[in-house]
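J.: This one is structure_15.cif, mmCIF, N, CA and C atoms.
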data_my_file
loop_
_atom_site.label_atom_id
_atom_site.label_comp_id
_atom_site.auth_asym_id
_atom_site.auth_seq_id
_atom_site.Cartn_x
_atom_site.Cartn_y
_atom_site.Cartn_z
N TYR A 10 37.40 221.22 -70.51
CA TYR A 10 38.63 220.79 -69.89
C TYR A 10 39.83 221.13 -70.78
N ARG A 11 39.66 220.98 -72.08
CA ARG A 11 40.77 221.30 -72.99
C ARG A 11 41.19 222.76 -72.85
N SER A 12 40.22 223.65 -72.72
CA SER A 12 40.53 225.07 -72.53
C SER A 12 41.30 225.29 -71.23
N PHE A 13 40.87 224.63 -70.17
CA PHE A 13 41.57 224.72 -68.89
C PHE A 13 42.99 224.20 -69.02
N LEU A 14 43.16 223.07 -69.68
CA LEU A 14 44.48 222.46 -69.84
C LEU A 14 45.41 223.40 -70.61
N LYS A 15 44.88 224.02 -71.67
CA LYS A 15 45.69 224.96 -72.45
C LYS A 15 46.05 226.19 -71.63
N ALA A 16 45.08 226.73 -70.91
CA ALA A 16 45.30 227.98 -70.16
C ALA A 16 46.16 227.78 -68.93
N ALA A 17 45.94 226.71 -68.19
CA ALA A 17 46.61 226.51 -66.90
C ALA A 17 47.69 225.45 -66.96
N GLY A 18 47.86 224.80 -68.11
CA GLY A 18 48.83 223.72 -68.19
C GLY A 18 48.41 222.52 -67.36
N GLY A 19 47.19 222.55 -66.87
CA GLY A 19 46.69 221.46 -66.05
C GLY A 19 47.13 221.53 -64.61
N CYS A 20 47.96 222.50 -64.25
CA CYS A 20 48.54 222.51 -62.91
C CYS A 20 47.76 223.29 -61.87
N ALA A 21 46.83 224.14 -62.25
CA ALA A 21 46.06 224.90 -61.26
C ALA A 21 45.15 223.91 -60.53
N PRO A 22 44.55 224.14 -59.42
CA PRO A 22 44.59 225.39 -58.67
C PRO A 22 45.78 225.46 -57.73
N VAL A 23 46.10 226.67 -57.32
CA VAL A 23 47.13 226.89 -56.32
C VAL A 23 46.39 227.04 -54.99
N GLY A 24 46.82 226.31 -54.00
CA GLY A 24 46.12 226.34 -52.72
C GLY A 24 45.03 225.29 -52.68
N ALA A 25 44.20 225.38 -51.68
CA ALA A 25 43.13 224.41 -51.50
C ALA A 25 41.78 225.00 -51.87
N ALA A 26 40.90 224.14 -52.34
CA ALA A 26 39.53 224.54 -52.65
C ALA A 26 38.61 223.40 -52.20
N LEU A 27 37.38 223.75 -51.91
CA LEU A 27 36.43 222.78 -51.39
C LEU A 27 35.15 222.82 -52.19
N ASP A 28 34.64 221.63 -52.53
CA ASP A 28 33.30 221.53 -53.07
C ASP A 28 32.40 221.28 -51.86
N PRO A 29 31.74 222.33 -51.35
CA PRO A 29 31.00 222.19 -50.09
C PRO A 29 29.84 221.21 -50.17
N GLU A 30 29.24 221.06 -51.34
CA GLU A 30 28.10 220.15 -51.47
C GLU A 30 28.53 218.69 -51.36
N LEU A 31 29.64 218.35 -52.02
CA LEU A 31 30.10 216.96 -52.02
C LEU A 31 31.16 216.69 -50.96
N GLY A 32 31.70 217.75 -50.38
CA GLY A 32 32.75 217.58 -49.38
C GLY A 32 34.09 217.19 -49.97
N LEU A 33 34.32 217.53 -51.23
CA LEU A 33 35.57 217.18 -51.89
C LEU A 33 36.60 218.28 -51.69
N LEU A 34 37.81 217.88 -51.33
CA LEU A 34 38.89 218.83 -51.11
C LEU A 34 39.89 218.73 -52.25
N VAL A 35 40.03 219.81 -52.98
CA VAL A 35 41.01 219.89 -54.07
C VAL A 35 42.22 220.60 -53.49
N ASP A 36 43.29 219.86 -53.26
CA ASP A 36 44.46 220.47 -52.64
C ASP A 36 45.76 220.09 -53.34
N GLN A 37 45.64 219.52 -54.53
CA GLN A 37 46.81 219.13 -55.30
C GLN A 37 46.66 219.64 -56.72
N PRO A 38 47.79 219.93 -57.38
CA PRO A 38 47.69 220.36 -58.78
C PRO A 38 47.07 219.26 -59.64
N PHE A 39 46.36 219.65 -60.68
CA PHE A 39 45.82 218.69 -61.63
C PHE A 39 46.97 218.14 -62.47
N PHE A 40 46.70 217.05 -63.20
CA PHE A 40 47.72 216.47 -64.08
C PHE A 40 48.01 217.42 -65.22
N THR A 41 49.18 217.29 -65.80
CA THR A 41 49.59 218.14 -66.91
C THR A 41 50.18 217.26 -68.01
N VAL A 42 50.48 217.85 -69.13
CA VAL A 42 51.11 217.12 -70.23
C VAL A 42 52.60 217.38 -70.15
N ARG A 43 53.36 216.32 -69.88
CA ARG A 43 54.80 216.48 -69.66
C ARG A 43 55.64 215.88 -70.77
N GLY A 44 55.16 214.87 -71.46
CA GLY A 44 55.96 214.22 -72.48
C GLY A 44 56.92 213.19 -71.91
N GLU A 45 56.82 212.94 -70.61
CA GLU A 45 57.65 211.92 -69.97
C GLU A 45 56.83 211.29 -68.84
N ALA A 46 57.18 210.06 -68.50
CA ALA A 46 56.47 209.38 -67.42
C ALA A 46 56.75 210.09 -66.11
N ALA A 47 55.71 210.51 -65.43
CA ALA A 47 55.84 211.20 -64.15
C ALA A 47 54.52 211.08 -63.40
N VAL A 48 54.56 211.32 -62.09
CA VAL A 48 53.37 211.15 -61.27
C VAL A 48 52.29 212.19 -61.56
N ASN A 49 52.59 213.22 -62.34
CA ASN A 49 51.56 214.19 -62.69
C ASN A 49 51.37 214.31 -64.20
N ASP A 50 51.92 213.36 -64.96
CA ASP A 50 51.74 213.38 -66.42
C ASP A 50 50.40 212.76 -66.78
N LEU A 51 49.59 213.52 -67.49
CA LEU A 51 48.23 213.12 -67.85
C LEU A 51 48.18 211.76 -68.54
N VAL A 52 49.05 211.53 -69.50
CA VAL A 52 49.04 210.28 -70.26
C VAL A 52 49.50 209.11 -69.39
N TYR A 53 50.61 209.29 -68.71
CA TYR A 53 51.16 208.21 -67.87
C TYR A 53 50.19 207.81 -66.77
N ILE A 54 49.67 208.79 -66.06
CA ILE A 54 48.75 208.50 -64.94
C ILE A 54 47.53 207.74 -65.43
N ASN A 55 47.00 208.10 -66.60
CA ASN A 55 45.81 207.42 -67.08
C ASN A 55 46.07 205.97 -67.46
N LYS A 56 47.29 205.65 -67.83
CA LYS A 56 47.63 204.24 -68.04
C LYS A 56 47.58 203.50 -66.71
N CYS A 57 47.96 204.18 -65.64
CA CYS A 57 47.96 203.57 -64.31
C CYS A 57 46.56 203.48 -63.71
N LEU A 58 45.63 204.28 -64.19
CA LEU A 58 44.28 204.35 -63.61
C LEU A 58 43.28 203.41 -64.29
N ARG A 59 43.72 202.51 -65.11
CA ARG A 59 42.78 201.62 -65.81
C ARG A 59 42.03 200.70 -64.87
N ASP A 60 42.48 200.56 -63.63
CA ASP A 60 41.71 199.77 -62.66
C ASP A 60 40.64 200.63 -61.98
N HIS A 61 40.67 201.94 -62.23
CA HIS A 61 39.68 202.86 -61.66
C HIS A 61 38.65 203.33 -62.68
N PHE A 62 39.08 203.51 -63.93
CA PHE A 62 38.22 204.09 -64.97
C PHE A 62 38.27 203.27 -66.24
N THR A 63 37.13 203.23 -66.94
CA THR A 63 37.12 202.70 -68.30
C THR A 63 37.73 203.77 -69.20
N LYS A 64 37.94 203.45 -70.46
CA LYS A 64 38.51 204.41 -71.41
C LYS A 64 37.53 205.53 -71.75
N ASP A 65 36.33 205.48 -71.19
CA ASP A 65 35.35 206.57 -71.37
C ASP A 65 35.71 207.77 -70.50
N TYR A 66 36.64 207.59 -69.57
CA TYR A 66 37.00 208.64 -68.61
C TYR A 66 38.49 208.95 -68.68
N LEU A 67 38.82 210.21 -68.46
CA LEU A 67 40.20 210.67 -68.40
C LEU A 67 40.44 211.22 -66.99
N GLY A 68 41.32 210.57 -66.24
CA GLY A 68 41.67 211.07 -64.93
C GLY A 68 42.41 212.39 -65.08
N VAL A 69 42.01 213.40 -64.32
CA VAL A 69 42.62 214.72 -64.48
C VAL A 69 43.28 215.23 -63.20
N GLY A 70 43.10 214.56 -62.06
CA GLY A 70 43.77 215.02 -60.86
C GLY A 70 43.44 214.19 -59.64
N PHE A 71 44.42 214.09 -58.75
CA PHE A 71 44.18 213.46 -57.46
C PHE A 71 43.55 214.49 -56.53
N MET A 72 42.63 214.03 -55.70
CA MET A 72 42.00 214.86 -54.67
C MET A 72 42.07 214.08 -53.38
N GLN A 73 41.78 214.72 -52.27
CA GLN A 73 41.77 213.99 -51.01
C GLN A 73 40.76 212.85 -51.12
N GLY A 74 41.25 211.63 -51.02
CA GLY A 74 40.38 210.47 -50.99
C GLY A 74 40.01 209.89 -52.34
N GLY A 75 40.57 210.42 -53.43
CA GLY A 75 40.22 209.84 -54.72
C GLY A 75 40.79 210.57 -55.92
N VAL A 76 40.15 210.32 -57.06
CA VAL A 76 40.61 210.84 -58.33
C VAL A 76 39.46 211.52 -59.06
N LEU A 77 39.75 212.66 -59.68
CA LEU A 77 38.77 213.40 -60.48
C LEU A 77 38.95 213.01 -61.94
N ALA A 78 37.83 212.85 -62.67
CA ALA A 78 37.90 212.44 -64.07
C ALA A 78 36.90 213.24 -64.90
N VAL A 79 37.20 213.33 -66.19
CA VAL A 79 36.32 213.95 -67.18
C VAL A 79 35.86 212.86 -68.14
N LYS A 80 34.58 212.83 -68.45
CA LYS A 80 34.04 211.85 -69.40
C LYS A 80 34.41 212.27 -70.81
N VAL A 81 35.07 211.37 -71.55
CA VAL A 81 35.57 211.71 -72.89
C VAL A 81 34.93 210.91 -74.01
N LYS A 82 34.12 209.92 -73.67
CA LYS A 82 33.43 209.10 -74.68
C LYS A 82 32.02 208.80 -74.19
N GLY A 83 31.12 208.50 -75.14
CA GLY A 83 29.75 208.11 -74.78
C GLY A 83 28.87 209.30 -74.48
N ASP A 84 27.84 209.07 -73.66
CA ASP A 84 26.93 210.14 -73.25
C ASP A 84 27.63 211.08 -72.27
N ALA A 85 27.15 212.31 -72.21
CA ALA A 85 27.62 213.32 -71.24
C ALA A 85 29.11 213.61 -71.35
N ILE A 86 29.61 213.67 -72.57
CA ILE A 86 31.02 214.02 -72.78
C ILE A 86 31.30 215.37 -72.15
N GLY A 87 32.42 215.45 -71.44
CA GLY A 87 32.82 216.69 -70.79
C GLY A 87 32.40 216.78 -69.33
N SER A 88 31.49 215.90 -68.89
CA SER A 88 31.05 215.93 -67.49
C SER A 88 32.20 215.49 -66.57
N VAL A 89 32.14 215.93 -65.32
CA VAL A 89 33.21 215.69 -64.35
C VAL A 89 32.72 214.73 -63.26
N TRP A 90 33.59 213.80 -62.87
CA TRP A 90 33.22 212.73 -61.95
C TRP A 90 34.31 212.50 -60.91
N PHE A 91 33.92 211.99 -59.73
CA PHE A 91 34.86 211.68 -58.67
C PHE A 91 34.81 210.19 -58.38
N CYS A 92 35.98 209.58 -58.26
CA CYS A 92 36.11 208.17 -57.90
C CYS A 92 36.83 208.10 -56.56
N ALA A 93 36.13 207.67 -55.52
CA ALA A 93 36.73 207.53 -54.19
C ALA A 93 37.61 206.28 -54.14
N TYR A 94 38.73 206.37 -53.44
CA TYR A 94 39.62 205.21 -53.30
C TYR A 94 38.97 204.10 -52.50
N ASP A 95 38.36 204.44 -51.40
CA ASP A 95 37.79 203.44 -50.49
C ASP A 95 36.29 203.67 -50.33
N ASP A 96 35.53 203.34 -51.35
CA ASP A 96 34.09 203.52 -51.32
C ASP A 96 33.47 202.31 -50.63
N ALA A 97 32.74 202.56 -49.57
CA ALA A 97 32.12 201.47 -48.80
C ALA A 97 31.16 200.63 -49.63
N ARG A 98 30.66 201.20 -50.73
CA ARG A 98 29.73 200.46 -51.60
C ARG A 98 30.45 199.48 -52.52
N ASP A 99 31.77 199.58 -52.65
CA ASP A 99 32.55 198.73 -53.56
C ASP A 99 32.49 197.27 -53.12
N ARG A 100 32.52 196.38 -54.07
CA ARG A 100 32.46 194.94 -53.80
C ARG A 100 33.53 194.21 -54.58
N ASP A 101 34.13 193.20 -53.94
CA ASP A 101 35.09 192.33 -54.63
C ASP A 101 34.40 191.65 -55.80
N GLY A 102 35.13 191.49 -56.88
CA GLY A 102 34.59 190.80 -58.04
C GLY A 102 33.96 191.71 -59.08
N TRP A 103 33.72 192.97 -58.75
CA TRP A 103 33.16 193.89 -59.74
C TRP A 103 34.20 194.21 -60.80
N SER A 104 33.76 194.32 -62.02
CA SER A 104 34.65 194.76 -63.10
C SER A 104 34.82 196.28 -63.01
N VAL A 105 35.78 196.80 -63.75
CA VAL A 105 35.98 198.26 -63.79
C VAL A 105 34.71 198.93 -64.30
N GLN A 106 34.06 198.34 -65.29
CA GLN A 106 32.81 198.89 -65.83
C GLN A 106 31.74 198.98 -64.75
N GLU A 107 31.61 197.92 -63.95
CA GLU A 107 30.61 197.93 -62.86
C GLU A 107 30.94 199.01 -61.82
N ARG A 108 32.22 199.15 -61.50
CA ARG A 108 32.62 200.18 -60.53
C ARG A 108 32.29 201.57 -61.04
N VAL A 109 32.59 201.82 -62.31
CA VAL A 109 32.31 203.12 -62.92
C VAL A 109 30.81 203.41 -62.87
N GLU A 110 30.01 202.44 -63.26
CA GLU A 110 28.55 202.63 -63.31
C GLU A 110 27.94 202.84 -61.92
N ARG A 111 28.50 202.21 -60.90
CA ARG A 111 27.88 202.21 -59.58
C ARG A 111 28.49 203.20 -58.58
N LEU A 112 29.75 203.58 -58.78
CA LEU A 112 30.44 204.30 -57.72
C LEU A 112 30.82 205.75 -58.03
N LEU A 113 30.94 206.12 -59.30
CA LEU A 113 31.37 207.48 -59.61
C LEU A 113 30.33 208.51 -59.17
N LEU A 114 30.81 209.61 -58.59
CA LEU A 114 29.95 210.71 -58.16
C LEU A 114 30.03 211.85 -59.16
N PRO A 115 28.88 212.35 -59.65
CA PRO A 115 28.91 213.48 -60.59
C PRO A 115 29.33 214.77 -59.88
N CYS A 116 30.21 215.54 -60.54
CA CYS A 116 30.73 216.77 -59.95
C CYS A 116 30.50 218.00 -60.82
N GLY A 117 29.87 217.84 -61.96
CA GLY A 117 29.59 218.98 -62.82
C GLY A 117 29.31 218.56 -64.24
N GLU A 118 28.47 219.34 -64.92
CA GLU A 118 28.12 219.04 -66.31
C GLU A 118 29.32 219.20 -67.23
N ASP A 119 30.25 220.09 -66.85
CA ASP A 119 31.49 220.28 -67.59
C ASP A 119 32.53 220.80 -66.62
N PHE A 120 33.75 221.03 -67.11
CA PHE A 120 34.83 221.41 -66.20
C PHE A 120 34.61 222.80 -65.61
N ASP A 121 34.06 223.71 -66.39
CA ASP A 121 33.76 225.04 -65.86
C ASP A 121 32.74 224.96 -64.73
N ALA A 122 31.71 224.13 -64.90
CA ALA A 122 30.70 223.97 -63.85
C ALA A 122 31.34 223.39 -62.58
N PHE A 123 32.25 222.45 -62.76
CA PHE A 123 32.97 221.89 -61.60
C PHE A 123 33.76 222.98 -60.89
N LEU A 124 34.52 223.77 -61.65
CA LEU A 124 35.35 224.82 -61.03
C LEU A 124 34.49 225.85 -60.31
N LEU A 125 33.33 226.16 -60.86
CA LEU A 125 32.45 227.15 -60.23
C LEU A 125 31.88 226.66 -58.90
N ARG A 126 31.84 225.36 -58.69
CA ARG A 126 31.33 224.79 -57.43
C ARG A 126 32.32 224.97 -56.29
N LEU A 127 33.59 225.23 -56.62
CA LEU A 127 34.64 225.25 -55.61
C LEU A 127 34.68 226.56 -54.84
N ALA A 128 34.90 226.43 -53.55
CA ALA A 128 35.13 227.60 -52.69
C ALA A 128 36.62 227.59 -52.36
N GLY A 129 37.34 228.59 -52.86
CA GLY A 129 38.79 228.64 -52.66
C GLY A 129 39.17 229.08 -51.27
N GLY A 130 40.04 228.31 -50.63
CA GLY A 130 40.57 228.65 -49.32
C GLY A 130 39.53 228.98 -48.26
N PRO A 131 38.45 228.20 -48.15
CA PRO A 131 37.44 228.54 -47.16
C PRO A 131 38.01 228.48 -45.74
N PRO A 132 37.65 229.45 -44.89
CA PRO A 132 38.18 229.48 -43.53
C PRO A 132 37.80 228.23 -42.72
N GLU A 133 36.73 227.56 -43.11
CA GLU A 133 36.32 226.35 -42.40
C GLU A 133 37.39 225.27 -42.44
N LEU A 134 38.20 225.24 -43.52
CA LEU A 134 39.24 224.23 -43.63
C LEU A 134 40.26 224.38 -42.51
N GLU A 135 40.67 225.62 -42.24
CA GLU A 135 41.63 225.85 -41.17
C GLU A 135 41.01 225.52 -39.81
N THR A 136 39.75 225.87 -39.62
CA THR A 136 39.07 225.57 -38.36
C THR A 136 39.02 224.06 -38.12
N VAL A 137 38.62 223.32 -39.13
CA VAL A 137 38.53 221.86 -39.00
C VAL A 137 39.92 221.27 -38.76
N ALA A 138 40.92 221.75 -39.50
CA ALA A 138 42.28 221.24 -39.31
C ALA A 138 42.76 221.48 -37.88
N ASN A 139 42.52 222.69 -37.36
CA ASN A 139 42.93 222.99 -35.98
C ASN A 139 42.20 222.11 -34.97
N LEU A 140 40.92 221.86 -35.19
CA LEU A 140 40.17 220.97 -34.29
C LEU A 140 40.72 219.55 -34.32
N MET A 141 41.12 219.09 -35.51
CA MET A 141 41.69 217.75 -35.64
C MET A 141 43.01 217.65 -34.86
N VAL A 142 43.85 218.68 -34.96
CA VAL A 142 45.12 218.70 -34.23
C VAL A 142 44.86 218.80 -32.74
N ASP A 143 43.98 219.72 -32.33
CA ASP A 143 43.67 219.89 -30.91
C ASP A 143 43.09 218.62 -30.29
N GLY A 144 42.33 217.88 -31.07
CA GLY A 144 41.71 216.65 -30.57
C GLY A 144 42.63 215.45 -30.62
N GLY A 145 43.83 215.61 -31.17
CA GLY A 145 44.79 214.51 -31.23
C GLY A 145 44.57 213.55 -32.39
N PHE A 146 43.71 213.93 -33.33
CA PHE A 146 43.42 213.08 -34.48
C PHE A 146 44.40 213.29 -35.62
N ALA A 147 45.17 214.38 -35.58
CA ALA A 147 46.12 214.71 -36.64
C ALA A 147 47.29 215.47 -36.04
N SER A 148 48.37 215.55 -36.79
CA SER A 148 49.55 216.31 -36.36
C SER A 148 49.72 217.50 -37.28
N ALA A 149 50.13 218.61 -36.72
CA ALA A 149 50.41 219.80 -37.52
C ALA A 149 51.72 219.58 -38.28
N VAL A 150 51.72 219.97 -39.54
CA VAL A 150 52.91 219.88 -40.38
C VAL A 150 53.36 221.29 -40.70
N PRO A 151 54.58 221.66 -40.32
CA PRO A 151 55.05 223.02 -40.60
C PRO A 151 55.15 223.26 -42.10
N VAL A 152 54.74 224.45 -42.52
CA VAL A 152 54.80 224.83 -43.93
C VAL A 152 55.98 225.77 -44.12
N GLU A 153 56.88 225.41 -45.02
CA GLU A 153 58.03 226.25 -45.29
C GLU A 153 57.71 227.21 -46.41
N GLY A 154 58.36 228.36 -46.36
CA GLY A 154 58.18 229.33 -47.47
C GLY A 154 57.15 230.30 -47.14
#
Now, as a test, write the supplied structure out as C-alpha cells.
T.:
Amino acid sequence: YRSFLKAAGGCAPVGAALDPELGLLVDQPFFTVRGEAAVNDLVYINKCLRDHFTKDYLGVGFMQGGVLAVKVKGDAIGSVWFCAYDDARDRDGWSVQERVERLLLPCGEDFDAFLLRLAGGPPELETVANLMVDGGFASAVPVEG
C-alpha cells in the first residue's frame, strides 16, 4: 500500500472498477495525504473511522456500501479488508473489536493482490445501471465533461 500511496498519491483509480468475486464497486478515489483536515485526507478520515476499525486497520478509501482498509498491525499486515456500512450480521452492543473480528471481508493478501482482482470499467456495470433506470429503481444522472 505504501508503494501505491507514493506512486498514485492515494487518489487512483480513475473511473470505476469491480471486484467480481465480492461484488465490490470501487468508484471513488482512495484517500490521500493532504496535511489538512478534509474528506479524503488519510489521517483525518481514520480519526473519524474509529467506530468502524480498531487501530490495527487503516481505512484507505470509500467504496459503494462501505470502507476499504489495510491491516497495519498484528497478523497479516498488509492484507486488505472491506467493512460494509449496513451489514445484516451486525448487532447492537458489539464493540469495535467484535465488529472487526466478525464482519470484515478479506479482499486480498496485500494491496497489489486487491488491485489485481479488479476489473476496470466492466461493460456489465453500464448494463446493470441501464436496467435499474429502465425499471424505475434509479434515476440517470447526467455526466458533465
J.: The PyMOL selection byres (((chain A and resi 36-42 and name CA) around 8) and name CA) - which residues does that actually catch in the file I just gave you? List them as a list of chain:residue names.
T.: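 Taken over the shown coordinates, the PyMOL selection byres (((chain A and resi 36-42 and name CA) around 8) and name CA) returns A:Leu14, A:Gly18, A:Gly19, A:Cys20, A:Ala21, A:Pro22, A:Val23, A:Gly24, A:Ala25, A:Ala26, A:Leu34, A:Val35, A:Arg43, A:Gly44, A:Asn49, A:Asp50, A:Leu51, A:Val52, A:Val69, A:Gly70, A:Phe71, A:Met72, A:Gln73.
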J.: Between A:His61, A:Lys80, A:Asn139, A:Leu31, which residue has the minimum interatomic distance to Arg111 of chain A, considering only C-alpha atoms?
T.: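 That would be A:His61, the residue with the smallest distance to Arg111 of chain A.
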J.: What does the distance between atom C of Pro132 of chain A and atom N of Pro29 of chain A come to in Å, to one decimal place?
T.: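 Result for atom C of Pro132 of chain A versus atom N of Pro29 of chain A: 12.1 Å, one decimal.
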J.: Got a sec to tell me which of segment 15-81 of chain A DSSP assigns to helix (DSSP H, G or I), as a PyMOL selection string?
T.: chain A and resi 15-17+51-60
J.: Pull the strand (DSSP E or B) assignments for chain A out of DSSP run on the backbone, and list those residues as JSON, numbers by chain.
T.: {"A": [26, 27, 28, 33, 34, 35, 41, 50, 66, 67, 68, 69, 70, 71, 72, 75, 76, 77, 78, 79, 80, 89, 90, 91, 92, 93, 114, 115, 116, 117, 128, 129]}
J.: So what does the PyMOL selection byres ((chain A and resi 82) around 8) actually pick up in this one, as a ChimeraX atom specification?
T.: /A:64-67,79-81,83-87
J.: Could the residues in this selection be written to a file with N, CA and C atoms, as an mmCIF file, in the coordinates of the input?
T.:
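Just written: again.cif:
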data_model
loop_
_atom_site.group_PDB
_atom_site.id
_atom_site.type_symbol
_atom_site.label_atom_id
_atom_site.label_comp_id
_atom_site.auth_asym_id
_atom_site.auth_seq_id
_atom_site.Cartn_x
_atom_site.Cartn_y
_atom_site.Cartn_z
ATOM 1 N N LYS A 64 37.940 203.450 -70.460
ATOM 2 C CA LYS A 64 38.510 204.410 -71.410
ATOM 3 C C LYS A 64 37.530 205.530 -71.750
ATOM 4 N N ASP A 65 36.330 205.480 -71.190
ATOM 5 C CA ASP A 65 35.350 206.570 -71.370
ATOM 6 C C ASP A 65 35.710 207.770 -70.500
ATOM 7 N N TYR A 66 36.640 207.590 -69.570
ATOM 8 C CA TYR A 66 37.000 208.640 -68.610
ATOM 9 C C TYR A 66 38.490 208.950 -68.680
ATOM 10 N N LEU A 67 38.820 210.210 -68.460
ATOM 11 C CA LEU A 67 40.200 210.670 -68.400
ATOM 12 C C LEU A 67 40.440 211.220 -66.990
ATOM 13 N N VAL A 79 37.200 213.330 -66.190
ATOM 14 C CA VAL A 79 36.320 213.950 -67.180
ATOM 15 C C VAL A 79 35.860 212.860 -68.140
ATOM 16 N N LYS A 80 34.580 212.830 -68.450
ATOM 17 C CA LYS A 80 34.040 211.850 -69.400
ATOM 18 C C LYS A 80 34.410 212.270 -70.810
ATOM 19 N N VAL A 81 35.070 211.370 -71.550
ATOM 20 C CA VAL A 81 35.570 211.710 -72.890
ATOM 21 C C VAL A 81 34.930 210.910 -74.010
ATOM 22 N N GLY A 83 31.120 208.500 -75.140
ATOM 23 C CA GLY A 83 29.750 208.110 -74.780
ATOM 24 C C GLY A 83 28.870 209.300 -74.480
ATOM 25 N N ASP A 84 27.840 209.070 -73.660
ATOM 26 C CA ASP A 84 26.930 210.140 -73.250
ATOM 27 C C ASP A 84 27.630 211.080 -72.270
ATOM 28 N N ALA A 85 27.150 212.310 -72.210
ATOM 29 C CA ALA A 85 27.620 213.320 -71.240
ATOM 30 C C ALA A 85 29.110 213.610 -71.350
ATOM 31 N N ILE A 86 29.610 213.670 -72.570
ATOM 32 C CA ILE A 86 31.020 214.020 -72.780
ATOM 33 C C ILE A 86 31.300 215.370 -72.150
ATOM 34 N N GLY A 87 32.420 215.450 -71.440
ATOM 35 C CA GLY A 87 32.820 216.690 -70.790
ATOM 36 C C GLY A 87 32.400 216.780 -69.330
#
J.: Using the chain letters and numbering of this document, enumerate as a JSON list (two decimals) with N, CA and C atoms, in the frame of the given file the residues selected by the PyMOL selection byres (((chain A and resi 92-107 and name CA) around 9) and name CA).
T.:
[["chain", "number", "residue", "atom", "x", "y", "z"],
["A", 59, "ARG", "N", 43.72, 202.51, -65.11],
["A", 59, "ARG", "CA", 42.78, 201.62, -65.81],
["A", 59, "ARG", "C", 42.03, 200.70, -64.87],
["A", 60, "ASP", "N", 42.48, 200.56, -63.63],
["A", 60, "ASP", "CA", 41.71, 199.77, -62.66],
["A", 60, "ASP", "C", 40.64, 200.63, -61.98],
["A", 61, "HIS", "N", 40.67, 201.94, -62.23],
["A", 61, "HIS", "CA", 39.68, 202.86, -61.66],
["A", 61, "HIS", "C", 38.65, 203.33, -62.68],
["A", 62, "PHE", "N", 39.08, 203.51, -63.93],
["A", 62, "PHE", "CA", 38.22, 204.09, -64.97],
["A", 62, "PHE", "C", 38.27, 203.27, -66.24],
["A", 63, "THR", "N", 37.13, 203.23, -66.94],
["A", 63, "THR", "CA", 37.12, 202.70, -68.30],
["A", 63, "THR", "C", 37.73, 203.77, -69.20],
["A", 73, "GLN", "N", 41.78, 214.72, -52.27],
["A", 73, "GLN", "CA", 41.77, 213.99, -51.01],
["A", 73, "GLN", "C", 40.76, 212.85, -51.12],
["A", 74, "GLY", "N", 41.25, 211.63, -51.02],
["A", 74, "GLY", "CA", 40.38, 210.47, -50.99],
["A", 74, "GLY", "C", 40.01, 209.89, -52.34],
["A", 75, "GLY", "N", 40.57, 210.42, -53.43],
["A", 75, "GLY", "CA", 40.22, 209.84, -54.72],
["A", 75, "GLY", "C", 40.79, 210.57, -55.92],
["A", 76, "VAL", "N", 40.15, 210.32, -57.06],
["A", 76, "VAL", "CA", 40.61, 210.84, -58.33],
["A", 76, "VAL", "C", 39.46, 211.52, -59.06],
["A", 77, "LEU", "N", 39.75, 212.66, -59.68],
["A", 77, "LEU", "CA", 38.77, 213.40, -60.48],
["A", 77, "LEU", "C", 38.95, 213.01, -61.94],
["A", 78, "ALA", "N", 37.83, 212.85, -62.67],
["A", 78, "ALA", "CA", 37.90, 212.44, -64.07],
["A", 78, "ALA", "C", 36.90, 213.24, -64.90],
["A", 90, "TRP", "N", 33.59, 213.80, -62.87],
["A", 90, "TRP", "CA", 33.22, 212.73, -61.95],
["A", 90, "TRP", "C", 34.31, 212.50, -60.91],
["A", 91, "PHE", "N", 33.92, 211.99, -59.73],
["A", 91, "PHE", "CA", 34.86, 211.68, -58.67],
["A", 91, "PHE", "C", 34.81, 210.19, -58.38],
["A", 108, "ARG", "N", 32.22, 199.15, -61.50],
["A", 108, "ARG", "CA", 32.62, 200.18, -60.53],
["A", 108, "ARG", "C", 32.29, 201.57, -61.04],
["A", 109, "VAL", "N", 32.59, 201.82, -62.31],
["A", 109, "VAL", "CA", 32.31, 203.12, -62.92],
["A", 109, "VAL", "C", 30.81, 203.41, -62.87],
["A", 110, "GLU", "N", 30.01, 202.44, -63.26],
["A", 110, "GLU", "CA", 28.55, 202.63, -63.31],
["A", 110, "GLU", "C", 27.94, 202.84, -61.92],
["A", 111, "ARG", "N", 28.50, 202.21, -60.90],
["A", 111, "ARG", "CA", 27.88, 202.21, -59.58],
["A", 111, "ARG", "C", 28.49, 203.20, -58.58],
["A", 112, "LEU", "N", 29.75, 203.58, -58.78],
["A", 112, "LEU", "CA", 30.44, 204.30, -57.72],
["A", 112, "LEU", "C", 30.82, 205.75, -58.03],
["A", 113, "LEU", "N", 30.94, 206.12, -59.30],
["A", 113, "LEU", "CA", 31.37, 207.48, -59.61],
["A", 113, "LEU", "C", 30.33, 208.51, -59.17],
["A", 114, "LEU", "N", 30.81, 209.61, -58.59],
["A", 114, "LEU", "CA", 29.95, 210.71, -58.16],
["A", 114, "LEU", "C", 30.03, 211.85, -59.16]]
J.: Go through A:Gly145, A:Gly68, A:Glu135, A:Gly32 one by one, measure the shortest atom-to-atom distance of each to Lys56 of chain A using all atoms listed in the file, and give the residue with the smallest value.
T.: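 Counting all atoms listed in the file, the residue closest to Lys56 of chain A is A:Gly68.
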J.: Any idea what the distance is between atom CA of Cys116 of chain A and atom CA of Ser88 of chain A?
T.: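 For atom CA of Cys116 of chain A relative to atom CA of Ser88 of chain A, the distance reads 7.6 Å.
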